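Asks: As input, take model28.cif (mmCIF, C-alpha atoms, pLDDT in the B column; chains and numbers go by the auth columns):
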```cif
data_model
#
loop_
_atom_site.group_PDB
_atom_site.id
_atom_site.type_symbol
_atom_site.label_atom_id
_atom_site.label_comp_id
_atom_site.label_asym_id
_atom_site.label_seq_id
_atom_site.Cartn_x
_atom_site.Cartn_y
_atom_site.Cartn_z
_atom_site.B_iso_or_equiv
_atom_site.auth_seq_id
_atom_site.auth_asym_id
ATOM 1 C CA MET A 1 26.700 7.026 27.371 61.00 1 A
ATOM 2 C CA ILE A 2 23.135 5.854 27.641 66.00 2 A
ATOM 3 C CA THR A 3 21.496 7.245 30.760 76.00 3 A
ATOM 4 C CA VAL A 4 18.664 5.792 32.826 71.00 4 A
ATOM 5 C CA PHE A 5 16.349 8.233 31.031 74.00 5 A
ATOM 6 C CA HIS A 6 17.402 6.870 27.616 66.00 6 A
ATOM 7 C CA ARG A 7 16.968 3.277 28.820 69.00 7 A
ATOM 8 C CA THR A 8 13.478 4.090 30.112 71.00 8 A
ATOM 9 C CA ILE A 9 12.506 5.687 26.789 70.00 9 A
ATOM 10 C CA LEU A 10 13.922 2.747 24.804 62.00 10 A
ATOM 11 C CA PHE A 11 12.129 0.230 27.034 65.00 11 A
ATOM 12 C CA ALA A 12 8.815 2.078 26.623 63.00 12 A
ATOM 13 C CA LEU A 13 9.180 2.344 22.851 58.00 13 A
ATOM 14 C CA PHE A 14 10.186 -1.292 22.401 59.00 14 A
ATOM 15 C CA THR A 15 7.227 -2.316 24.592 60.00 15 A
ATOM 16 C CA LEU A 16 4.869 -0.296 22.389 56.00 16 A
ATOM 17 C CA LEU A 17 6.275 -1.945 19.278 57.00 17 A
ATOM 18 C CA GLN A 18 5.408 -5.369 20.689 54.00 18 A
ATOM 19 C CA LEU A 19 1.679 -4.562 20.803 50.00 19 A
ATOM 20 C CA PRO A 20 -0.402 -6.105 18.002 46.00 20 A
ATOM 21 C CA ILE A 21 -0.993 -3.933 14.987 49.00 21 A
ATOM 22 C CA HIS A 22 -4.594 -2.969 14.274 45.00 22 A
ATOM 23 C CA SER A 23 -4.579 -1.553 10.804 53.00 23 A
ATOM 24 C CA THR A 24 -7.543 0.244 9.336 71.00 24 A
ATOM 25 C CA ALA A 25 -8.163 -0.523 5.705 79.00 25 A
ATOM 26 C CA THR A 26 -7.199 2.096 3.171 86.00 26 A
ATOM 27 C CA ASP A 27 -9.129 2.865 0.004 89.00 27 A
ATOM 28 C CA LEU A 28 -6.852 3.799 -2.879 92.00 28 A
ATOM 29 C CA MET A 29 -8.804 6.161 -5.142 92.00 29 A
ATOM 30 C CA VAL A 30 -8.310 6.526 -8.893 93.00 30 A
ATOM 31 C CA ASN A 31 -10.380 9.588 -9.791 88.00 31 A
ATOM 32 C CA MET A 32 -9.737 9.889 -13.521 88.00 32 A
ATOM 33 C CA TRP A 33 -9.447 6.366 -14.916 91.00 33 A
ATOM 34 C CA SER A 34 -8.617 7.227 -18.506 91.00 34 A
ATOM 35 C CA VAL A 35 -5.735 7.212 -20.984 92.00 35 A
ATOM 36 C CA ASN A 36 -3.062 9.654 -19.794 90.00 36 A
ATOM 37 C CA LEU A 37 -2.087 12.351 -22.292 91.00 37 A
ATOM 38 C CA ASP A 38 1.507 11.105 -22.371 93.00 38 A
ATOM 39 C CA HIS A 39 0.345 7.449 -22.610 92.00 39 A
ATOM 40 C CA SER A 40 2.183 6.573 -19.411 93.00 40 A
ATOM 41 C CA PRO A 41 0.752 4.049 -16.950 94.00 41 A
ATOM 42 C CA PHE A 42 -0.684 5.228 -13.647 93.00 42 A
ATOM 43 C CA PRO A 43 1.834 5.298 -10.751 94.00 43 A
ATOM 44 C CA HIS A 44 2.570 2.008 -9.009 94.00 44 A
ATOM 45 C CA LYS A 45 0.775 1.605 -5.663 94.00 45 A
ATOM 46 C CA ASN A 46 1.143 -0.685 -2.666 93.00 46 A
ATOM 47 C CA ALA A 47 -1.699 -2.196 -0.667 92.00 47 A
ATOM 48 C CA VAL A 48 -2.266 -4.554 2.244 91.00 48 A
ATOM 49 C CA VAL A 49 -4.850 -7.354 2.359 91.00 49 A
ATOM 50 C CA GLY A 50 -8.162 -5.733 3.329 91.00 50 A
ATOM 51 C CA ASP A 51 -7.370 -2.464 1.536 93.00 51 A
ATOM 52 C CA SER A 52 -9.371 -1.584 -1.539 94.00 52 A
ATOM 53 C CA ILE A 53 -8.984 0.383 -4.733 95.00 53 A
ATOM 54 C CA THR A 54 -11.831 2.414 -6.209 94.00 54 A
ATOM 55 C CA PHE A 55 -11.902 3.465 -9.857 93.00 55 A
ATOM 56 C CA LYS A 56 -14.132 6.304 -11.013 91.00 56 A
ATOM 57 C CA LEU A 57 -15.390 5.066 -14.384 85.00 57 A
ATOM 58 C CA PHE A 58 -16.977 7.167 -17.084 81.00 58 A
ATOM 59 C CA GLY A 59 -17.482 6.816 -20.814 83.00 59 A
ATOM 60 C CA PRO A 60 -16.066 3.715 -22.502 88.00 60 A
ATOM 61 C CA HIS A 61 -13.659 2.767 -19.717 91.00 61 A
ATOM 62 C CA SER A 62 -13.601 -0.535 -17.827 89.00 62 A
ATOM 63 C CA VAL A 63 -11.378 -2.210 -15.230 93.00 63 A
ATOM 64 C CA TRP A 64 -9.803 -5.603 -15.762 92.00 64 A
ATOM 65 C CA ILE A 65 -7.079 -7.557 -13.979 94.00 65 A
ATOM 66 C CA HIS A 66 -4.514 -9.280 -16.182 93.00 66 A
ATOM 67 C CA PRO A 67 -2.737 -11.909 -14.018 91.00 67 A
ATOM 68 C CA SER A 68 0.097 -12.104 -16.558 91.00 68 A
ATOM 69 C CA GLY A 69 0.829 -8.360 -16.303 91.00 69 A
ATOM 70 C CA ASN A 70 0.641 -8.129 -20.084 91.00 70 A
ATOM 71 C CA CYS A 71 -2.019 -6.249 -22.085 90.00 71 A
ATOM 72 C CA ALA A 72 -1.789 -8.714 -25.003 90.00 72 A
ATOM 73 C CA ASP A 73 -2.427 -11.781 -22.807 89.00 73 A
ATOM 74 C CA THR A 74 -6.207 -11.826 -22.452 86.00 74 A
ATOM 75 C CA ALA A 75 -6.671 -15.537 -21.685 88.00 75 A
ATOM 76 C CA ALA A 76 -6.854 -15.347 -17.872 90.00 76 A
ATOM 77 C CA ARG A 77 -7.999 -11.737 -17.476 90.00 77 A
ATOM 78 C CA TYR A 78 -11.150 -10.939 -15.537 91.00 78 A
ATOM 79 C CA GLU A 79 -13.374 -7.886 -15.360 91.00 79 A
ATOM 80 C CA VAL A 80 -13.850 -6.045 -12.074 91.00 80 A
ATOM 81 C CA GLY A 81 -15.630 -2.953 -13.429 83.00 81 A
ATOM 82 C CA ALA A 82 -17.864 -2.728 -16.493 78.00 82 A
ATOM 83 C CA ARG A 83 -18.074 0.281 -18.812 80.00 83 A
ATOM 84 C CA GLY A 84 -20.044 3.177 -17.418 75.00 84 A
ATOM 85 C CA SER A 85 -20.581 1.508 -14.038 76.00 85 A
ATOM 86 C CA GLY A 86 -19.556 4.629 -12.087 79.00 86 A
ATOM 87 C CA LEU A 87 -17.506 3.748 -9.035 87.00 87 A
ATOM 88 C CA THR A 88 -15.915 0.298 -9.098 90.00 88 A
ATOM 89 C CA LYS A 89 -14.267 -1.050 -5.953 93.00 89 A
ATOM 90 C CA TYR A 90 -11.913 -4.007 -5.682 95.00 90 A
ATOM 91 C CA VAL A 91 -10.968 -5.337 -2.211 95.00 91 A
ATOM 92 C CA PHE A 92 -7.550 -7.004 -1.900 95.00 92 A
ATOM 93 C CA THR A 93 -7.876 -10.559 -0.575 93.00 93 A
ATOM 94 C CA PRO A 94 -5.444 -12.992 1.104 93.00 94 A
ATOM 95 C CA GLU A 95 -5.111 -14.711 -2.293 92.00 95 A
ATOM 96 C CA ASP A 96 -3.677 -11.432 -3.676 93.00 96 A
ATOM 97 C CA ALA A 97 -0.937 -11.247 -1.002 92.00 97 A
ATOM 98 C CA GLY A 98 2.564 -11.431 -2.443 91.00 98 A
ATOM 99 C CA LYS A 99 1.386 -10.561 -5.948 93.00 99 A
ATOM 100 C CA THR A 100 1.483 -7.477 -8.108 95.00 100 A
ATOM 101 C CA LEU A 101 -1.931 -7.017 -9.714 96.00 101 A
ATOM 102 C CA PHE A 102 -2.080 -5.422 -13.164 96.00 102 A
ATOM 103 C CA PHE A 103 -5.252 -3.327 -13.576 96.00 103 A
ATOM 104 C CA THR A 104 -6.144 -2.196 -17.102 94.00 104 A
ATOM 105 C CA CYS A 105 -8.834 -0.713 -19.272 92.00 105 A
ATOM 106 C CA ASP A 106 -9.519 -3.124 -22.106 90.00 106 A
ATOM 107 C CA SER A 107 -11.634 -0.789 -24.231 89.00 107 A
ATOM 108 C CA GLY A 108 -10.027 -0.709 -27.668 90.00 108 A
ATOM 109 C CA THR A 109 -6.271 -0.199 -27.268 92.00 109 A
ATOM 110 C CA HIS A 110 -6.490 1.721 -23.985 93.00 110 A
ATOM 111 C CA CYS A 111 -4.282 -0.794 -22.147 93.00 111 A
ATOM 112 C CA GLU A 112 -1.592 -0.603 -24.848 94.00 112 A
ATOM 113 C CA MET A 113 -1.872 3.204 -24.696 94.00 113 A
ATOM 114 C CA GLY A 114 -0.954 3.150 -20.991 93.00 114 A
ATOM 115 C CA GLN A 115 -4.287 2.968 -19.184 93.00 115 A
ATOM 116 C CA SER A 116 -2.960 0.533 -16.628 95.00 116 A
ATOM 117 C CA MET A 117 -1.762 0.403 -13.042 95.00 117 A
ATOM 118 C CA GLN A 118 0.216 -2.067 -10.958 96.00 118 A
ATOM 119 C CA VAL A 119 -0.593 -2.622 -7.291 95.00 119 A
ATOM 120 C CA THR A 120 1.669 -4.761 -5.105 93.00 120 A
ATOM 121 C CA VAL A 121 -0.278 -6.463 -2.309 92.00 121 A
ATOM 122 C CA TYR A 122 1.302 -7.303 1.051 90.00 122 A
ATOM 123 C CA GLY A 123 -0.183 -9.724 3.573 85.00 123 A
ATOM 124 C CA THR A 124 0.453 -7.569 6.655 65.00 124 A
ATOM 125 C CA LEU A 125 2.458 -4.657 7.913 55.00 125 A
ATOM 126 C CA ASP A 126 5.922 -6.196 8.139 49.00 126 A
ATOM 127 C CA LYS A 127 8.456 -5.432 10.875 36.00 127 A
ATOM 128 C CA THR A 128 11.853 -6.724 9.849 36.00 128 A
ATOM 129 C CA PRO A 129 15.096 -6.104 11.755 36.00 129 A
ATOM 130 C CA LEU A 130 17.950 -5.195 9.406 37.00 130 A
ATOM 131 C CA ASN A 131 21.459 -4.556 10.715 40.00 131 A
ATOM 132 C CA GLY A 132 20.123 -3.362 14.060 41.00 132 A
ATOM 133 C CA LYS A 133 17.584 -1.025 12.467 39.00 133 A
ATOM 134 C CA ILE A 134 13.837 -1.561 12.426 38.00 134 A
ATOM 135 C CA ILE A 135 12.303 -1.427 8.978 39.00 135 A
ATOM 136 C CA ILE A 136 8.543 -1.195 8.644 42.00 136 A
ATOM 137 C CA SER A 137 7.175 -1.776 5.180 41.00 137 A
ATOM 138 C CA ALA A 138 3.557 -1.053 4.364 42.00 138 A
ATOM 139 C CA HIS A 139 1.526 0.510 1.582 37.00 139 A
ATOM 140 C CA ASP A 140 2.502 3.979 2.841 37.00 140 A
ATOM 141 C CA PHE A 141 5.232 4.025 5.502 38.00 141 A
ATOM 142 C CA SER A 142 4.124 7.476 6.623 36.00 142 A
ATOM 143 C CA ASN A 143 0.567 6.232 7.123 38.00 143 A
ATOM 144 C CA ALA A 144 1.475 3.076 9.048 40.00 144 A
ATOM 145 C CA GLN A 145 -0.118 3.434 12.448 40.00 145 A
ATOM 146 C CA ARG A 146 -0.430 1.406 15.626 37.00 146 A
ATOM 147 C CA THR A 147 -3.634 1.799 17.582 34.00 147 A
ATOM 148 C CA ILE A 148 -3.136 2.020 21.335 36.00 148 A
ATOM 149 C CA GLY A 149 -6.368 2.258 23.308 35.00 149 A
ATOM 150 C CA ASN A 150 -8.226 5.294 21.981 33.00 150 A
ATOM 151 C CA GLY A 151 -5.110 7.024 20.654 38.00 151 A
ATOM 152 C CA VAL A 152 -2.926 6.455 17.617 40.00 152 A
ATOM 153 C CA LEU A 153 0.856 6.394 17.795 43.00 153 A
ATOM 154 C CA SER A 154 2.730 6.799 14.536 47.00 154 A
ATOM 155 C CA ILE A 155 5.168 3.960 13.976 50.00 155 A
ATOM 156 C CA SER A 156 7.404 6.248 11.930 51.00 156 A
ATOM 157 C CA LEU A 157 7.675 8.623 14.899 53.00 157 A
ATOM 158 C CA VAL A 158 8.529 5.773 17.273 55.00 158 A
ATOM 159 C CA THR A 159 11.163 4.326 14.947 56.00 159 A
ATOM 160 C CA SER A 160 12.633 7.784 14.367 58.00 160 A
ATOM 161 C CA ILE A 161 13.017 8.312 18.131 62.00 161 A
ATOM 162 C CA ILE A 162 14.547 4.874 18.599 60.00 162 A
ATOM 163 C CA GLY A 163 16.936 5.489 15.713 61.00 163 A
ATOM 164 C CA TRP A 164 17.958 8.841 17.161 58.00 164 A
ATOM 165 C CA LEU A 165 18.561 7.341 20.584 57.00 165 A
ATOM 166 C CA LEU A 166 20.569 4.397 19.220 59.00 166 A
ATOM 167 C CA ASN A 167 22.644 6.539 16.879 60.00 167 A
ATOM 168 C CA SER A 168 23.284 9.229 19.502 56.00 168 A
ATOM 169 C CA TYR A 169 25.482 7.014 21.633 52.00 169 A
#
```
As structure tokens - that is how I would like this structure written.

Replies:
Amino acid sequence: MITVFHRTILFALFTLLQLPIHSTATDLMVNMWSVNLDHSPFPHKNAVVGDSITFKLFGPHSVWIHPSGNCADTAARYEVGARGSGLTKYVFTPEDAGKTLFFTCDSGTHCEMGQSMQVTVYGTLDKTPLNGKIIISAHDFSNAQRTIGNGVLSISLVTSIIGWLLNSY
């Protein structure tokens, strides 16, 4: 049985979830942009429009985006960080939303040897109801936050409480 207390908590939490999301941009950092010893690509990352990715470049390494997602297809690729340029930052734009960008190093055969990374770019933090449950997808679910006045309320905490309350009765 849901008590008045539970209804009050649910009402408050649902009200908070209706507030607009003010997301602060995240900078994804790639400290050692080089060929991995096992020749595996860098782990896949997720980003939201307005986020950025920074590559720490040294030696012969560069940063390119291959729209095709294929190292061998160099026709439409474009450079975002030249060799030896130090820190190279790329900011995800609205045009990137809904795409998975394929970052590579095109020095020699570095791309073919695994010096690459895919980043999926989302337009916004998405709230999608699914079978009565609230799903929030973002670049890092645990880092998704909603700013309320001067404080920050974790969306994951709110959805966990709501889930507990709904599943308890």

Asks: Please determine, counting only C-alpha atoms, which residue among A:His61, A:Arg83, A:His66, A:Lys99 has the shortest atom-to-atom distance to A:Gly123.

Replies: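 That would be A:Lys99, the residue with the smallest distance to A:Gly123.
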
Asks: May I have the residues at most 6 Å from (-3.6, 3.0, 1.4) in the file's coordinates, counting all atoms listed in the file, as a list in words?

Replies: Thr26, Asp27, Leu28, Ala47 and His139 of chain A

Asks: Given the file above and the PyMOL selection byres ((chain A and resi 100) around 10), which residues are selected, and can you give them as a list of chain:residue names?

Replies: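 Written out, the selection comes to A:His44, A:Lys45, A:Asn46, A:Ala47, A:Pro67, A:Ser68, A:Gly69, A:Asp96, A:Ala97, A:Gly98, A:Lys99, A:Leu101, A:Phe102, A:Phe103, A:Met117, A:Gln118, A:Val119, A:Thr120, A:Val121, A:Tyr122.
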
Asks: Which residue, A:Val80, A:Val63, A:Val91, A:Met29, has the smallest gap to A:Ser116 when you use only C-alpha atoms?

Replies: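 Residue with the minimum atom-to-atom distance to A:Ser116: A:Val63.
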
Asks: Nearest to A:Asp73 among A:Glu112, A:Leu57, A:Lys89, A:Asn36, with distances taken over all atoms listed in the file: which residue is it?

Replies: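 Among A:Glu112, A:Leu57, A:Lys89, A:Asn36, it is A:Glu112 that comes nearest to A:Asp73.
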
Asks: Compare A:Thr24, A:Thr3, A:Thr104, A:Thr88 by their minimum atom-to-atom distance to A:Ile53, counting only C-alpha atoms, and give me the closest one.

Replies: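 Nearest to A:Ile53: A:Thr88.
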
Asks: Generate the coordinates of all heavy atoms for stretch 70-81 of chain A; report them as a short mmCIF file (atom, residue, chain, number, x, y, z; two decimals), in the frame of the given file.

Replies:
```
data_model
loop_
_atom_site.label_atom_id
_atom_site.label_comp_id
_atom_site.auth_asym_id
_atom_site.auth_seq_id
_atom_site.Cartn_x
_atom_site.Cartn_y
_atom_site.Cartn_z
N ASN A 70 0.41 -8.45 -18.68
CA ASN A 70 0.64 -8.13 -20.08
C ASN A 70 -0.69 -7.82 -20.77
O ASN A 70 -1.61 -8.63 -20.72
CB ASN A 70 1.32 -9.33 -20.75
CG ASN A 70 1.69 -9.09 -22.19
OD1 ASN A 70 1.11 -8.25 -22.86
ND2 ASN A 70 2.65 -9.87 -22.66
N CYS A 71 -0.78 -6.65 -21.41
CA CYS A 71 -2.02 -6.25 -22.08
C CYS A 71 -2.45 -7.25 -23.15
O CYS A 71 -3.64 -7.49 -23.34
CB CYS A 71 -1.84 -4.88 -22.76
SG CYS A 71 -1.60 -3.51 -21.62
N ALA A 72 -1.48 -7.83 -23.88
CA ALA A 72 -1.79 -8.71 -25.00
C ALA A 72 -2.31 -10.08 -24.54
O ALA A 72 -2.99 -10.76 -25.29
CB ALA A 72 -0.55 -8.89 -25.88
N ASP A 73 -2.01 -10.48 -23.32
CA ASP A 73 -2.43 -11.78 -22.81
C ASP A 73 -3.81 -11.64 -22.17
O ASP A 73 -3.94 -11.24 -21.02
CB ASP A 73 -1.41 -12.30 -21.80
CG ASP A 73 -1.74 -13.71 -21.32
OD1 ASP A 73 -2.71 -14.32 -21.82
OD2 ASP A 73 -1.01 -14.20 -20.43
N THR A 74 -4.83 -12.00 -22.93
CA THR A 74 -6.21 -11.83 -22.45
C THR A 74 -6.85 -13.14 -21.99
O THR A 74 -8.00 -13.14 -21.58
CB THR A 74 -7.09 -11.20 -23.56
OG1 THR A 74 -7.08 -12.07 -24.70
CG2 THR A 74 -6.57 -9.83 -23.95
N ALA A 75 -6.09 -14.23 -22.00
CA ALA A 75 -6.67 -15.54 -21.68
C ALA A 75 -7.20 -15.63 -20.25
O ALA A 75 -8.31 -16.12 -20.04
CB ALA A 75 -5.64 -16.64 -21.93
N ALA A 76 -6.45 -15.17 -19.28
CA ALA A 76 -6.85 -15.35 -17.87
C ALA A 76 -7.38 -14.06 -17.25
O ALA A 76 -7.66 -14.02 -16.05
CB ALA A 76 -5.67 -15.87 -17.07
N ARG A 77 -7.55 -13.02 -18.04
CA ARG A 77 -8.00 -11.74 -17.48
C ARG A 77 -9.43 -11.86 -16.95
O ARG A 77 -10.18 -12.73 -17.38
CB ARG A 77 -7.92 -10.64 -18.53
CG ARG A 77 -8.98 -10.80 -19.59
CD ARG A 77 -8.91 -9.75 -20.64
NE ARG A 77 -9.98 -10.00 -21.61
CZ ARG A 77 -10.41 -9.16 -22.48
NH1 ARG A 77 -9.87 -7.96 -22.56
NH2 ARG A 77 -11.38 -9.48 -23.30
N TYR A 78 -9.76 -10.97 -16.01
CA TYR A 78 -11.15 -10.94 -15.54
C TYR A 78 -11.55 -9.50 -15.24
O TYR A 78 -10.76 -8.69 -14.80
CB TYR A 78 -11.38 -11.87 -14.34
CG TYR A 78 -10.44 -11.68 -13.18
CD1 TYR A 78 -10.80 -10.91 -12.07
CD2 TYR A 78 -9.19 -12.29 -13.18
CE1 TYR A 78 -9.95 -10.75 -11.01
CE2 TYR A 78 -8.32 -12.14 -12.10
CZ TYR A 78 -8.70 -11.37 -11.03
OH TYR A 78 -7.85 -11.21 -9.97
N GLU A 79 -12.84 -9.24 -15.50
CA GLU A 79 -13.37 -7.89 -15.36
C GLU A 79 -13.80 -7.63 -13.92
O GLU A 79 -14.46 -8.45 -13.30
CB GLU A 79 -14.56 -7.70 -16.30
CG GLU A 79 -15.07 -6.28 -16.38
CD GLU A 79 -16.16 -6.12 -17.44
OE1 GLU A 79 -16.97 -7.06 -17.63
OE2 GLU A 79 -16.20 -5.05 -18.07
N VAL A 80 -13.42 -6.45 -13.41
CA VAL A 80 -13.85 -6.04 -12.07
C VAL A 80 -14.71 -4.79 -12.12
O VAL A 80 -15.31 -4.42 -11.10
CB VAL A 80 -12.66 -5.84 -11.11
CG1 VAL A 80 -11.94 -7.16 -10.87
CG2 VAL A 80 -11.68 -4.80 -11.61
N GLY A 81 -14.79 -4.14 -13.28
CA GLY A 81 -15.63 -2.95 -13.43
C GLY A 81 -16.05 -2.76 -14.88
O GLY A 81 -15.21 -2.56 -15.75
#
```
